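Undergrad: Just dropping this structure here.
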Amino acid sequence: MSINQTKPSHFGDKRFYSWNHYLKQQFGERVFKIPLDAGFDCPNRDGHVAFGGCTFCSERGSGDFAGDRRDDLVTQFHSIKEKMHQKWKSGKYIGYFQAYTNTYAPVDTLKNYFEKILEQKGVVGLSIATRPDCLPDDVVAYLAELNERTFLWIELGLQTVHEKTATIINRAHNYQCYKEGVEKLRKHGIRVCSHIINGLPLETEDMMLQTAEEVAHLNVQGIKIHLLHLLKRTPMVKQYEKGLVQLMDFDSYIRLVVDQLEILPSDMIVHRLTGDGPADLMIGPMWSLNKWKVLNAIESELTNRNSWQGKYYQIEKEFQQ
């Protein structure tokens, strides 16, 4: 067994393969994700597979920073684009279908929405958030065709590999379904980003690390590592009141994320390392509202350890063979 002794050069000035750096490598300039709400629902909200949605999910289907669904998609796109340009002068755009389940509709509906955004000036691709149980063959065929002509990512919410936790959070699909969804997409060369959440009900840090280990050996090209945010008016509030949820403290989260980065492959693009919920809805952890403090602490911990993404990935890979 060997340890990766050298920080990979493709990380740029960071110790992990960041989404922003990857996009600059691909396009030679800054690229913005424009979060959109196309008005979809979810099968575990409307009764198709369950009711109420995932217990952590907000009333806006995890699209709290997306556009206003009362506006058409083009209006949303330009409104958010202008806000982005108040901070950054120039760049290209990825239309990010973020809220709810964005393949949960007939193909003709999907085509109407996705093509409308691809027509907008400066758009170089799409990122589509969905569930693995919402990938019927005709939808996958359309996504495969899209993948041939634009820069496409499909974001799949795994959250955890532990079935007991999945039941508690009302995910309403199992891990096998997730792996089959990934396989469907990768058969056509479609890029996949797995979402995981640290801090889910009754999970230990070892369980969270195991979820990252599983993702490390899936055929996915990216990962989003989220911190669990407890938000007002979500079903998880009742679980919190019953003692099922323990909010993570700052130091534990930083240590865990670095542990997870160390066992991920060095070529897996890290789309996110934390997140910040709407301040007016947050019950906790309140320290997460200072996103830059969290990101800087992760960098500092990697530096203090003299470590980086993938440092121990080869050991894990060899161990499992």
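Following the order of the structure tokens, first chain is A, next is B, and so on, with residues numbered from 1 inside each chain and ligands from 1 in the order they appear.
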As a ChimeraX atom specification, please: the residues near Phe56 of chain A (cut-off 8 Å, only C-alpha atoms, same-chain neighbours under 5 positions excluded).
TA: /A:169,228-231,234-236
Undergrad: Quick one: write out the picked residues with N, CA, C and O atoms as an mmCIF file, in the first residue's frame?
TA:
data_model
loop_
_atom_site.group_PDB
_atom_site.id
_atom_site.type_symbol
_atom_site.label_atom_id
_atom_site.label_comp_id
_atom_site.auth_asym_id
_atom_site.auth_seq_id
_atom_site.Cartn_x
_atom_site.Cartn_y
_atom_site.Cartn_z
ATOM 1 N N ILE A 169 -35.162 9.883 6.965
ATOM 2 C CA ILE A 169 -35.279 11.171 6.264
ATOM 3 C C ILE A 169 -36.284 11.110 5.120
ATOM 4 O O ILE A 169 -36.460 12.098 4.391
ATOM 5 N N LEU A 228 -25.769 19.367 7.140
ATOM 6 C CA LEU A 228 -27.198 19.401 7.415
ATOM 7 C C LEU A 228 -27.587 20.738 8.028
ATOM 8 O O LEU A 228 -27.027 21.157 9.048
ATOM 9 N N HIS A 229 -28.536 21.406 7.404
ATOM 10 C CA HIS A 229 -29.118 22.623 7.965
ATOM 11 C C HIS A 229 -30.511 22.295 8.473
ATOM 12 O O HIS A 229 -31.326 21.734 7.740
ATOM 13 N N LEU A 230 -30.764 22.629 9.706
ATOM 14 C CA LEU A 230 -32.103 22.478 10.250
ATOM 15 C C LEU A 230 -32.868 23.768 9.987
ATOM 16 O O LEU A 230 -32.493 24.835 10.494
ATOM 17 N N LEU A 231 -33.903 23.670 9.167
ATOM 18 C CA LEU A 231 -34.654 24.845 8.736
ATOM 19 C C LEU A 231 -36.059 24.823 9.315
ATOM 20 O O LEU A 231 -36.671 23.757 9.472
ATOM 21 N N THR A 234 -39.713 22.585 8.330
ATOM 22 C CA THR A 234 -39.401 21.313 7.677
ATOM 23 C C THR A 234 -39.793 20.172 8.617
ATOM 24 O O THR A 234 -39.808 20.346 9.845
ATOM 25 N N PRO A 235 -40.103 18.981 8.072
ATOM 26 C CA PRO A 235 -40.450 17.848 8.934
ATOM 27 C C PRO A 235 -39.344 17.475 9.919
ATOM 28 O O PRO A 235 -39.621 16.888 10.959
ATOM 29 N N MET A 236 -38.107 17.836 9.593
ATOM 30 C CA MET A 236 -37.002 17.475 10.472
ATOM 31 C C MET A 236 -37.050 18.216 11.811
ATOM 32 O O MET A 236 -36.431 17.781 12.784
#
Undergrad: Please identify all polymer residues within 9 Å of segment 13-15 of chain A, counting only C-alpha atoms, omitting same-chain residues fewer than 5 positions from it, and present them as a PyMOL selection string.
TA: chain A and resi 7-8+21+299+302-303+307-309
Undergrad: Could you find all residues in segment 63-305 of chain A that DSSP calls strand (DSSP E or B) from the backbone, and write them as number ranges by chain?
TA: A: 92-97, 123-130, 151-159, 191-198, 222-227, 230-231, 269-272, 282-284
Undergrad: Can you tell me which residues surround segment 107-120 of chain A at a distance of at most 8 Å, considering only C-alpha atoms, apart from same-chain residues fewer than 3 positions away, and format the answer as a PyMOL selection string?
TA: chain A and resi 38+73-74+77+95+103+123-126+138-139+142
Undergrad: DSSP on the backbone, then: every residue of segment 76-296 of chain A marked helix (DSSP H, G or I), written as JSON, numbers by chain.
TA: {"A": [76, 77, 78, 79, 80, 81, 82, 83, 84, 85, 107, 108, 109, 110, 111, 112, 113, 114, 115, 116, 117, 118, 137, 138, 139, 140, 141, 142, 143, 144, 145, 146, 147, 148, 149, 163, 164, 165, 166, 167, 168, 175, 176, 177, 178, 179, 180, 181, 182, 183, 184, 185, 186, 205, 206, 207, 208, 209, 210, 211, 212, 213, 214, 215, 216, 236, 237, 238, 239, 240, 241, 250, 251, 252, 253, 254, 255, 256, 257, 258, 259, 260, 261, 262, 263, 286, 287, 288, 289, 291, 292, 293, 294, 295, 296]}
Undergrad: List as a PDB file with C-alpha atoms, in the first residue's frame the protein and nucleic acid residues near segment 291-293 of chain A, meaning an atom at most 9 Å away when only C-alpha atoms are counted, but skip any in the same chain fewer than 4 places from it.
TA:
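What follows is the written file part_29.pdb:
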ATOM      1  CA  THR A 274     -20.458  23.385   2.757  1.00  0.00           C
ATOM      2  CA  GLY A 275     -23.535  25.521   2.298  1.00  0.00           C
ATOM      3  CA  ASP A 276     -25.579  28.266   3.900  1.00  0.00           C
ATOM      4  CA  TRP A 287     -21.908  29.004  12.415  1.00  0.00           C
ATOM      5  CA  ALA A 297     -10.882  26.425   7.991  1.00  0.00           C
ATOM      6  CA  ILE A 298     -11.012  23.405   5.663  1.00  0.00           C
TER       7      ILE A 298
END
